[in-house]
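Raw coords_6.txt, compact mmCIF, C-alpha atoms:
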# COMPACT_ATOMS: atom_id res chain seq x y z
CA MET A 241 -7.04 33.61 -13.14
CA LEU A 242 -3.80 32.25 -11.69
CA MET A 243 -2.97 28.63 -10.97
CA GLU A 244 0.17 27.63 -9.10
CA THR A 245 2.65 25.33 -10.81
CA MET A 246 6.08 24.80 -9.19
CA ASP A 247 7.61 28.23 -8.39
CA LYS A 248 5.61 30.06 -11.04
CA LYS A 249 1.95 30.52 -11.89
CA LEU A 250 -0.20 29.82 -14.91
CA LEU A 251 -2.28 32.61 -16.37
CA LEU A 252 -5.53 31.16 -17.70
CA HIS A 253 -7.40 33.09 -20.38
CA ASP A 254 -10.94 31.96 -21.18
CA ASP A 255 -12.92 33.92 -23.77
CA GLY A 256 -15.88 31.54 -23.69
CA LYS A 257 -14.74 29.66 -26.77
CA THR A 258 -11.18 28.57 -26.10
CA ARG A 259 -8.88 28.34 -23.11
CA ARG A 260 -5.23 29.34 -23.32
CA VAL A 261 -2.53 29.32 -20.68
CA LYS A 262 0.92 30.82 -20.26
CA GLU A 263 3.39 31.11 -17.41
CA VAL A 264 3.51 34.29 -15.35
CA THR A 265 6.26 35.16 -12.89
CA VAL A 266 4.83 36.81 -9.81
CA PHE A 267 7.15 39.23 -8.00
CA ASP A 268 7.23 38.77 -4.24
CA ASP A 269 9.69 41.65 -3.77
CA PRO A 270 8.60 45.19 -4.74
CA GLN A 271 12.25 46.16 -5.30
CA LYS A 272 12.51 43.64 -8.15
CA LEU A 273 9.35 44.98 -9.72
CA LYS A 274 10.74 48.50 -9.50
CA LEU A 275 13.78 47.45 -11.53
CA ILE A 276 11.72 46.60 -14.62
CA LEU A 277 9.12 49.39 -14.57
CA ASN A 278 11.38 51.96 -16.24
CA LYS A 279 10.08 52.73 -19.74
CA LEU A 280 13.31 51.72 -21.50
CA SER A 281 13.72 48.60 -19.33
CA TRP A 282 10.23 47.51 -20.25
CA ARG A 283 10.91 48.08 -23.95
CA ILE A 284 14.07 45.98 -23.78
CA LEU A 285 12.21 43.26 -21.87
CA THR A 286 9.52 43.21 -24.55
CA MET A 287 12.15 42.80 -27.28
CA LEU A 288 13.78 39.93 -25.38
CA SER A 289 10.42 38.20 -25.00
CA GLU A 290 10.20 38.02 -28.80
CA ARG A 291 13.72 36.73 -29.50
CA GLU A 292 17.20 36.29 -28.04
CA MET A 293 19.43 39.37 -28.49
CA TYR A 294 22.77 40.74 -27.27
CA PRO A 295 23.17 44.32 -25.94
CA LEU A 296 24.91 45.83 -28.97
CA GLN A 297 22.16 44.43 -31.20
CA ILE A 298 19.51 45.98 -28.92
CA ALA A 299 21.33 49.32 -28.91
CA LYS A 300 21.43 49.42 -32.73
CA GLU A 301 17.72 48.64 -33.04
CA LEU A 302 16.76 51.27 -30.46
CA GLY A 303 19.27 53.85 -31.73
CA ILE A 304 20.83 54.44 -28.30
CA HIS A 305 24.29 54.08 -26.75
CA GLU A 306 25.38 50.54 -25.91
CA GLN A 307 26.33 51.46 -22.30
CA LYS A 308 22.77 52.61 -21.67
CA VAL A 309 21.49 49.22 -22.80
CA TYR A 310 24.01 47.42 -20.57
CA TYR A 311 22.75 49.44 -17.57
CA HIS A 312 19.15 48.35 -18.11
CA VAL A 313 20.13 44.77 -19.00
CA ARG A 314 21.94 44.49 -15.64
CA LYS A 315 18.81 45.74 -13.83
CA LEU A 316 16.57 43.29 -15.64
CA ALA A 317 18.95 40.41 -14.91
CA LYS A 318 19.13 41.38 -11.23
CA ALA A 319 15.34 41.34 -11.06
CA GLY A 320 15.30 37.86 -12.61
CA ALA A 321 13.30 39.09 -15.61
CA ILE A 322 15.96 38.08 -18.17
CA THR A 323 18.75 35.52 -18.33
CA VAL A 324 21.65 34.58 -20.58
CA ALA A 325 20.34 32.14 -23.18
CA ARG A 326 23.65 31.48 -24.93
CA GLN A 327 27.08 32.99 -25.67
CA GLU A 328 28.72 33.48 -29.01
CA GLY A 329 32.12 34.73 -30.14
CA LYS A 330 31.99 38.01 -32.12
CA LYS A 331 35.10 39.88 -33.32
CA GLY A 332 37.31 38.51 -30.57
CA ALA A 333 34.77 39.10 -27.81
CA ILE A 334 32.00 37.04 -26.24
CA ALA A 335 28.48 38.24 -26.97
CA LYS A 336 25.87 37.25 -24.40
CA TYR A 337 22.44 36.65 -25.83
CA TYR A 338 19.63 37.41 -23.37
CA ARG A 339 16.02 36.28 -23.29
CA ALA A 340 13.03 36.93 -21.05
CA THR A 341 12.58 34.35 -18.30
CA SER A 342 8.79 34.44 -18.54
CA PRO A 343 6.13 35.51 -21.07
CA ALA A 344 4.31 37.45 -18.31
CA PHE A 345 5.12 39.24 -15.05
CA GLY A 346 2.87 40.45 -12.28
CA ILE A 347 2.20 41.00 -8.60
CA GLU A 348 -0.14 39.01 -6.38
CA LEU A 349 -1.80 39.91 -3.10
CA PRO A 350 -2.37 37.04 -0.63
CA TYR A 351 -6.14 36.78 -1.00
CA GLY A 352 -8.91 36.56 -3.59
CA TYR A 353 -8.62 32.99 -4.88
CA LYS A 354 -11.90 31.59 -6.17
CA ALA A 355 -12.71 27.94 -6.78
CA ILE A 356 -13.14 26.96 -10.40
CA GLU A 357 -15.16 23.90 -11.24
CA ARG A 358 -12.83 22.39 -13.77
CA VAL A 359 -9.77 23.22 -15.81
CA SER A 360 -8.79 21.34 -18.92
CA PRO A 361 -4.98 21.01 -18.94
CA THR A 362 -5.02 19.44 -22.37
CA LEU A 363 -7.60 21.92 -23.69
CA VAL A 364 -9.66 19.16 -25.28
CA SER A 365 -11.14 20.27 -28.59
CA GLU A 366 -14.79 20.96 -29.35
CA HIS A 367 -14.64 17.87 -31.58
CA VAL A 368 -14.15 15.62 -28.53
CA GLN A 369 -16.77 17.54 -26.57
CA LYS A 370 -19.26 16.88 -29.36
CA PHE A 371 -18.47 13.14 -29.32
CA PHE A 372 -19.26 13.00 -25.58
CA GLY A 373 -21.99 15.67 -25.79
CA GLU A 374 -24.89 13.48 -24.63
CA PHE A 375 -22.81 12.28 -21.66
CA ILE A 376 -22.58 15.75 -20.05
CA ASP A 377 -25.69 17.41 -18.64
CA GLU A 378 -26.53 21.12 -18.62
CA ASN A 379 -24.65 21.56 -15.33
CA GLY A 380 -21.46 20.03 -16.70
CA ILE A 381 -21.89 16.77 -14.77
CA PHE A 382 -21.16 13.37 -16.30
CA ASP A 383 -24.48 11.75 -17.23
CA GLY A 384 -24.03 8.05 -17.86
CA LYS A 385 -22.44 4.81 -16.75
CA ILE A 386 -19.06 3.35 -17.64
CA VAL A 387 -19.64 -0.40 -17.83
CA VAL A 388 -16.85 -2.94 -17.48
CA GLY A 389 -16.89 -6.74 -17.46
CA SER A 390 -17.07 -8.62 -14.19
CA PRO A 391 -13.73 -10.02 -12.97
CA LEU A 392 -15.55 -13.27 -12.07
CA PRO A 393 -16.38 -15.97 -14.64
CA HIS A 394 -19.71 -15.00 -16.21
CA GLY A 395 -21.72 -15.01 -19.43
CA PRO A 396 -21.84 -17.65 -22.18
CA PHE A 397 -18.06 -17.56 -22.53
CA LYS A 398 -17.61 -17.98 -18.75
CA THR A 399 -14.78 -15.47 -18.90
CA SER A 400 -13.22 -13.24 -16.27
CA ALA A 401 -12.67 -9.68 -17.52
CA ARG A 402 -9.05 -8.51 -17.49
CA ASP A 403 -9.66 -5.12 -19.10
CA GLY A 404 -11.88 -3.35 -16.55
CA HIS A 405 -9.00 -1.31 -15.11
CA TYR A 406 -8.65 0.53 -18.43
CA ALA A 407 -11.80 2.43 -17.39
CA SER A 408 -9.69 4.38 -14.87
CA HIS A 409 -7.60 5.86 -17.70
CA LEU A 410 -10.81 6.78 -19.51
CA ALA A 411 -12.26 8.34 -16.34
CA PHE A 412 -9.21 10.60 -15.96
CA PHE A 413 -9.74 11.76 -19.52
CA LEU A 414 -13.45 12.41 -18.98
CA GLY A 415 -12.56 14.48 -15.92
CA GLN A 416 -11.38 17.16 -18.32
CA LEU A 417 -14.85 17.38 -19.83
CA ALA A 418 -17.27 16.88 -16.95
CA ARG A 419 -17.64 17.02 -13.18
CA MET A 420 -18.23 13.92 -11.09
CA PRO A 421 -21.81 12.70 -10.65
CA GLU A 422 -23.24 11.93 -7.21
CA ASP A 423 -23.75 8.25 -8.05
CA PHE A 424 -20.81 5.96 -8.74
CA ALA A 425 -20.29 6.11 -12.51
CA ILE A 426 -18.44 2.81 -13.08
CA LYS A 427 -20.52 -0.38 -13.01
CA LEU A 428 -19.98 -4.07 -13.66
CA ASP A 429 -21.93 -5.50 -16.59
CA VAL A 430 -23.69 -8.01 -14.34
CA ASP A 431 -24.83 -5.23 -11.98
CA VAL A 432 -26.17 -3.10 -14.83
CA LYS A 433 -28.23 -6.04 -16.04
CA ALA A 434 -29.39 -6.98 -12.55
CA GLU A 435 -30.42 -3.41 -11.73
CA LYS A 436 -31.90 -2.86 -15.22
CA GLU A 437 -29.84 0.27 -15.85
CA GLU A 438 -29.48 -0.23 -19.60
CA LYS A 439 -31.61 2.87 -20.29
CA ASN A 440 -28.69 5.21 -19.61
CA ASN A 441 -25.95 6.78 -21.64
CA LEU A 442 -23.44 3.94 -21.59
CA ILE A 443 -19.70 3.68 -22.23
CA LEU A 444 -18.87 0.00 -22.62
CA VAL A 445 -15.28 -1.05 -21.99
CA GLY A 446 -14.48 -4.57 -23.16
CA GLY A 447 -15.38 -6.91 -26.02
CA PRO A 448 -18.34 -9.30 -26.16
CA GLY A 449 -16.28 -12.07 -24.62
CA THR A 450 -15.99 -10.19 -21.31
CA ASN A 451 -18.71 -7.52 -21.33
CA LEU A 452 -22.31 -8.74 -21.48
CA LEU A 453 -23.60 -5.33 -22.64
CA THR A 454 -21.19 -5.27 -25.60
CA GLN A 455 -22.37 -8.77 -26.42
CA GLU A 456 -26.04 -7.75 -26.36
CA LEU A 457 -25.42 -4.66 -28.51
CA ASN A 458 -23.22 -6.45 -31.05
CA ASP A 459 -25.97 -6.64 -33.69
CA TYR A 460 -26.46 -2.86 -33.48
CA LEU A 461 -22.79 -2.06 -34.13
CA PRO A 462 -21.82 -0.90 -37.64
CA ILE A 463 -18.72 -3.09 -37.37
CA LYS A 464 -19.65 -6.32 -35.58
CA PHE A 465 -17.86 -9.03 -33.68
CA ASN A 466 -18.23 -12.40 -35.41
CA MET A 467 -20.07 -14.56 -32.88
CA GLN A 468 -21.32 -17.92 -34.15
CA PRO A 469 -23.75 -20.09 -32.10
CA SER A 470 -22.44 -23.49 -31.09
CA GLU A 471 -23.27 -26.28 -28.68
CA GLN A 472 -20.98 -24.63 -26.15
CA GLY A 473 -22.72 -21.25 -26.54
CA PHE A 474 -20.78 -19.07 -29.01
CA LEU A 475 -17.63 -19.25 -31.09
CA PHE A 476 -15.84 -15.93 -31.16
CA GLY A 477 -14.16 -15.11 -34.48
CA GLY A 478 -12.94 -11.52 -34.30
CA LEU A 479 -14.28 -8.37 -35.97
CA MET A 480 -16.01 -8.33 -39.34
CA SER A 481 -16.55 -5.16 -41.38
CA SER A 482 -19.76 -5.01 -43.41
CA LYS A 483 -18.24 -2.18 -45.44
CA THR A 484 -14.98 -3.80 -46.57
CA ARG A 485 -15.82 -7.45 -45.75
CA GLN A 486 -12.48 -7.52 -43.97
CA VAL A 487 -12.16 -9.86 -40.97
CA TYR A 488 -9.85 -8.78 -38.14
CA THR A 489 -8.79 -11.57 -35.82
CA ALA A 490 -5.62 -10.17 -34.21
CA ASP A 491 -5.72 -9.75 -30.42
CA ASN A 492 -4.60 -6.10 -30.59
CA ILE A 493 -7.54 -4.96 -32.76
CA GLY A 494 -10.84 -3.47 -31.62
CA ILE A 495 -13.47 -0.84 -32.37
CA VAL A 496 -14.38 2.61 -31.12
CA ALA A 497 -18.08 3.08 -31.86
CA LYS A 498 -20.98 5.34 -30.97
CA ILE A 499 -24.61 4.34 -31.52
CA VAL A 500 -28.12 5.18 -30.36
CA ASN A 501 -29.04 3.23 -27.23
CA PRO A 502 -31.54 0.61 -28.46
CA TRP A 503 -33.23 0.54 -25.03
CA ASP A 504 -33.79 4.32 -25.06
CA ALA A 505 -33.43 6.31 -28.28
CA SER A 506 -32.74 9.53 -26.36
CA LYS A 507 -29.52 8.02 -24.97
CA ARG A 508 -26.24 7.03 -26.60
CA VAL A 509 -23.78 4.16 -26.26
CA ILE A 510 -20.02 4.40 -26.81
CA VAL A 511 -18.22 1.08 -27.24
CA LEU A 512 -14.48 0.56 -26.66
CA ALA A 513 -14.03 -3.12 -27.36
CA GLY A 514 -11.19 -5.33 -28.52
CA ASN A 515 -10.85 -8.93 -29.65
CA LYS A 516 -8.81 -9.41 -26.47
CA ALA A 517 -7.83 -7.19 -23.53
CA VAL A 518 -4.91 -5.69 -25.45
CA GLY A 519 -7.33 -4.65 -28.20
CA THR A 520 -9.57 -2.95 -25.66
CA LYS A 521 -6.57 -1.09 -24.28
CA ALA A 522 -5.75 0.11 -27.79
CA CYS A 523 -9.31 1.44 -28.13
CA VAL A 524 -9.14 3.31 -24.82
CA LEU A 525 -5.82 4.87 -25.87
CA ALA A 526 -7.31 5.71 -29.27
CA LEU A 527 -10.00 7.82 -27.65
CA THR A 528 -7.95 9.38 -24.85
CA ASN A 529 -4.40 9.80 -26.20
CA PHE A 530 -5.04 9.75 -29.96
CA TRP A 531 -8.53 11.25 -30.29
CA LYS A 532 -7.45 13.59 -33.07
CA GLU A 533 -6.75 10.64 -35.38
CA THR A 534 -9.56 8.44 -34.06
CA LEU A 535 -12.34 11.04 -34.40
CA LYS A 536 -11.04 12.60 -37.59
CA LYS A 537 -14.10 11.46 -39.58
CA TYR A 538 -16.67 11.98 -36.83
CA LYS A 539 -19.22 14.61 -37.91
CA GLY A 540 -21.77 14.28 -35.12
CA GLU A 541 -23.67 11.38 -36.69
CA ASP A 542 -25.73 8.93 -34.57
CA THR A 543 -23.81 5.90 -35.85
CA PHE A 544 -20.03 5.97 -35.97
CA ALA A 545 -17.30 3.32 -35.82
CA VAL A 546 -13.60 2.90 -36.56
CA VAL A 547 -11.35 -0.15 -36.41
CA ILE A 548 -8.31 0.35 -34.18
CA GLN A 549 -5.05 -1.58 -34.09
CA GLY A 550 -2.65 -1.18 -31.18
CA PHE A 551 1.15 -1.13 -31.47
CA ASP A 552 4.06 -1.42 -29.06
CA LEU A 553 6.49 1.16 -30.44
CA ASP A 554 9.00 1.24 -27.57
CA GLY A 555 9.26 -2.55 -27.32
CA ASP A 556 8.31 -2.86 -23.65
CA GLY A 557 5.52 -5.33 -24.35
CA LYS A 558 2.72 -2.79 -23.83
CA VAL A 559 0.52 -1.05 -26.38
CA ASP A 560 1.48 2.63 -26.60
CA SER A 561 0.32 3.71 -30.05
CA ILE A 562 -2.57 3.07 -32.44
CA GLU A 563 -3.54 3.09 -36.09
CA VAL A 564 -7.03 3.60 -37.51
CA LEU A 565 -7.52 0.81 -40.04
CA GLU A 566 -10.96 1.90 -41.30
For this file, produce the structure as structure tokens.
Amino acid sequence: MLMETMDKKLLLHDDGKTRRVKEVTVFDDPQKLKLILNKLSWRILTMLSEREMYPLQIAKELGIHEQKVYYHVRKLAKAGAITVARQEGKKGAIAKYYRATSPAFGIELPYGYKAIERVSPTLVSEHVQKFFGEFIDENGIFDGKIVVGSPLPHGPFKTSARDGHYASHLAFFLGQLARMPEDFAIKLDVDVKAEKEEKNNLILVGGPGTNLLTQELNDYLPIKFNMQPSEQGFLFGGLMSSKTRQVYTADNIGIVAKIVNPWDASKRVIVLAGNKAVGTKACVLALTNFWKETLKKYKGEDTFAVVIQGFDLDGDGKVDSIEVLE
């Protein structure tokens, strides 16, 4: 399969287990193709695809006269199949090191393209696919709801969610794993409750202060948010680990968790929730940009959780990296 990218193509190889891609240069001029189809030219091109070499070096390895190599090198360069990678002084002369311009070459006729349902540019691992397994049906369609907090004041905290837009970044990531469903996949927490849609696979974006579903499921989480009843409703005191007894109160901390849906045991819930909006952003980044570190200990179990801390490494005031604390 060929996919266009800039002035070249991508050759996609899918053996049913993994997908691999490499660039392929497609000749649009038969004369250029003719220049590289000589047996010796092809052998030289193959050598230059493995490493950079200069003509005298090629001649010595092939056991042929240097002028013969120069003849074929000129043809390959004219066809655009090789180029000068660098130059180096050798015994008073300048040696030109050549390399192949592409790891593959081919011809293409102007018909025969077929639609493919989805292509994973990042080649997401089977580990990630397993984590989201219940959220993709047998036809490869996303099966669930992404739930974000309402932007209007709501719930016992009377808060307005400021982290709902992080769901768009998550949705782009999920697009590598599944096709779009017919129904709109992103819902507000108040709508899910009003329409009684809790019996779905759910991905909750936002902490209990802004997302009513996260608040209701807090007691089911292996690492819980510390919510104490008060006359005003609740006092929110950060995350508390039952395993280490550690309390995490920093704004940039949150959890990535996966549990059985308590409203329907055949469904699953993934929670991306921070103490504040910046913590939720760190959790979304943890699962999309840094899944290898985040899911390192995930073995397919029904209950899973890690504590995430976000960091601003480039100093622009925005979280761009994460650390798994436990």
Excluding same-chain residues fewer than 6 positions from A:Leu302, what lies within 10 Å of it counting all atoms listed in the file, as a ChimeraX atom specification? /A:280,283-284,296,309
Might you pull out every residue within 12 Å of A:Ile443, with all atoms listed in the file counted and same-chain residues fewer than 5 positions away left off, and present them as a PDB file with C-alpha atoms, in the frame of the given file?
ATOM      1  CA  PHE A 371     -18.470  13.140 -29.320  1.00  0.00           C
ATOM      2  CA  PHE A 372     -19.260  13.000 -25.580  1.00  0.00           C
ATOM      3  CA  GLU A 374     -24.890  13.480 -24.630  1.00  0.00           C
ATOM      4  CA  PHE A 375     -22.810  12.280 -21.660  1.00  0.00           C
ATOM      5  CA  PHE A 382     -21.160  13.370 -16.300  1.00  0.00           C
ATOM      6  CA  ASP A 383     -24.480  11.750 -17.230  1.00  0.00           C
ATOM      7  CA  GLY A 384     -24.030   8.050 -17.860  1.00  0.00           C
ATOM      8  CA  LYS A 385     -22.440   4.810 -16.750  1.00  0.00           C
ATOM      9  CA  ILE A 386     -19.060   3.350 -17.640  1.00  0.00           C
ATOM     10  CA  VAL A 387     -19.640  -0.400 -17.830  1.00  0.00           C
ATOM     11  CA  VAL A 388     -16.850  -2.940 -17.480  1.00  0.00           C
ATOM     12  CA  GLY A 389     -16.890  -6.740 -17.460  1.00  0.00           C
ATOM     13  CA  GLY A 404     -11.880  -3.350 -16.550  1.00  0.00           C
ATOM     14  CA  ALA A 407     -11.800   2.430 -17.390  1.00  0.00           C
ATOM     15  CA  LEU A 410     -10.810   6.780 -19.510  1.00  0.00           C
ATOM     16  CA  ALA A 411     -12.260   8.340 -16.340  1.00  0.00           C
ATOM     17  CA  LEU A 414     -13.450  12.410 -18.980  1.00  0.00           C
ATOM     18  CA  ALA A 425     -20.290   6.110 -12.510  1.00  0.00           C
ATOM     19  CA  ILE A 426     -18.440   2.810 -13.080  1.00  0.00           C
ATOM     20  CA  LYS A 427     -20.520  -0.380 -13.010  1.00  0.00           C
ATOM     21  CA  LEU A 428     -19.980  -4.070 -13.660  1.00  0.00           C
ATOM     22  CA  ASP A 429     -21.930  -5.500 -16.590  1.00  0.00           C
ATOM     23  CA  VAL A 432     -26.170  -3.100 -14.830  1.00  0.00           C
ATOM     24  CA  GLU A 438     -29.480  -0.230 -19.600  1.00  0.00           C
ATOM     25  CA  ASN A 451     -18.710  -7.520 -21.330  1.00  0.00           C
ATOM     26  CA  LEU A 453     -23.600  -5.330 -22.640  1.00  0.00           C
ATOM     27  CA  THR A 454     -21.190  -5.270 -25.600  1.00  0.00           C
ATOM     28  CA  LEU A 457     -25.420  -4.660 -28.510  1.00  0.00           C
ATOM     29  CA  VAL A 496     -14.380   2.610 -31.120  1.00  0.00           C
ATOM     30  CA  ALA A 497     -18.080   3.080 -31.860  1.00  0.00           C
ATOM     31  CA  LYS A 498     -20.980   5.340 -30.970  1.00  0.00           C
ATOM     32  CA  ILE A 499     -24.610   4.340 -31.520  1.00  0.00           C
ATOM     33  CA  VAL A 500     -28.120   5.180 -30.360  1.00  0.00           C
ATOM     34  CA  ASN A 501     -29.040   3.230 -27.230  1.00  0.00           C
ATOM     35  CA  LYS A 507     -29.520   8.020 -24.970  1.00  0.00           C
ATOM     36  CA  ARG A 508     -26.240   7.030 -26.600  1.00  0.00           C
ATOM     37  CA  VAL A 509     -23.780   4.160 -26.260  1.00  0.00           C
ATOM     38  CA  ILE A 510     -20.020   4.400 -26.810  1.00  0.00           C
ATOM     39  CA  VAL A 511     -18.220   1.080 -27.240  1.00  0.00           C
ATOM     40  CA  LEU A 512     -14.480   0.560 -26.660  1.00  0.00           C
ATOM     41  CA  ALA A 513     -14.030  -3.120 -27.360  1.00  0.00           C
ATOM     42  CA  VAL A 524      -9.140   3.310 -24.820  1.00  0.00           C
ATOM     43  CA  LEU A 527     -10.000   7.820 -27.650  1.00  0.00           C
TER      44      LEU A 527
END
Ranking A:Leu277, A:Val547, A:Leu285, A:Ser408 by minimum distance to A:Gln486 and counting all atoms listed in the file, which one comes first?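 For A:Gln486, the nearest of the candidates is A:Val547.
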Computed interatomic separation between atom CA of A:Glu301 and atom CA of A:Thr286 (Å):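 Separation of atom CA of A:Glu301 and atom CA of A:Thr286: 13.0 Å.
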Report, in Å with one decimal, the straight-line distance from atom CA of A:Lys279 to atom CA of A:Thr341.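 That distance, rounded to one decimal, is 18.6 Å.
With distances restricted to all atoms listed in the file, A:Asn529 is the closest residue to A:Phe412 from A:Gly446, A:Pro343, A:Thr399, A:Asn529.
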Could you tell me how far atom CA of A:Glu290 lies from atom CA of A:Arg339, in Å and to one decimal?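 For atom CA of A:Glu290 relative to atom CA of A:Arg339, the distance reads 8.2 Å.
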Got a minute to add N, CA and C atoms to stretch 525-541 of chain A and dump it as a short mmCIF file (atom, residue, chain, number, x, y, z; two decimals), in the frame of the given file?
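Output below, filename rebuild-v8.cif:
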data_model
loop_
_atom_site.label_atom_id
_atom_site.label_comp_id
_atom_site.auth_asym_id
_atom_site.auth_seq_id
_atom_site.Cartn_x
_atom_site.Cartn_y
_atom_site.Cartn_z
N LEU A 525 -6.88 3.93 -25.49
CA LEU A 525 -5.82 4.87 -25.87
C LEU A 525 -6.20 5.68 -27.09
N ALA A 526 -6.89 5.03 -28.03
CA ALA A 526 -7.31 5.71 -29.27
C ALA A 526 -8.20 6.89 -28.97
N LEU A 527 -9.05 6.76 -27.96
CA LEU A 527 -10.00 7.82 -27.65
C LEU A 527 -9.44 8.85 -26.67
N THR A 528 -8.49 8.45 -25.84
CA THR A 528 -7.95 9.38 -24.85
C THR A 528 -6.65 10.04 -25.31
N ASN A 529 -5.70 9.26 -25.81
CA ASN A 529 -4.40 9.80 -26.20
C ASN A 529 -4.31 10.19 -27.67
N PHE A 530 -5.14 9.53 -28.51
CA PHE A 530 -5.04 9.75 -29.96
C PHE A 530 -6.40 10.11 -30.56
N TRP A 531 -7.17 10.91 -29.83
CA TRP A 531 -8.53 11.25 -30.29
C TRP A 531 -8.53 12.02 -31.60
N LYS A 532 -7.48 12.78 -31.85
CA LYS A 532 -7.45 13.59 -33.07
C LYS A 532 -7.50 12.68 -34.31
N GLU A 533 -6.76 11.59 -34.27
CA GLU A 533 -6.75 10.64 -35.38
C GLU A 533 -8.02 9.78 -35.37
N THR A 534 -8.42 9.35 -34.19
CA THR A 534 -9.56 8.44 -34.06
C THR A 534 -10.87 9.09 -34.50
N LEU A 535 -11.07 10.35 -34.12
CA LEU A 535 -12.34 11.04 -34.40
C LEU A 535 -12.26 11.95 -35.62
N LYS A 536 -11.25 11.74 -36.43
CA LYS A 536 -11.04 12.60 -37.59
C LYS A 536 -12.26 12.65 -38.51
N LYS A 537 -12.95 11.53 -38.66
CA LYS A 537 -14.10 11.46 -39.58
C LYS A 537 -15.45 11.61 -38.87
N TYR A 538 -15.41 11.84 -37.57
CA TYR A 538 -16.67 11.98 -36.83
C TYR A 538 -17.29 13.35 -37.11
N LYS A 539 -18.53 13.37 -37.55
CA LYS A 539 -19.22 14.61 -37.91
C LYS A 539 -20.48 14.84 -37.07
N GLY A 540 -20.61 14.12 -35.97
CA GLY A 540 -21.77 14.28 -35.12
C GLY A 540 -22.90 13.32 -35.43
N GLU A 541 -22.64 12.32 -36.29
CA GLU A 541 -23.67 11.38 -36.69
C GLU A 541 -24.04 10.43 -35.54
#
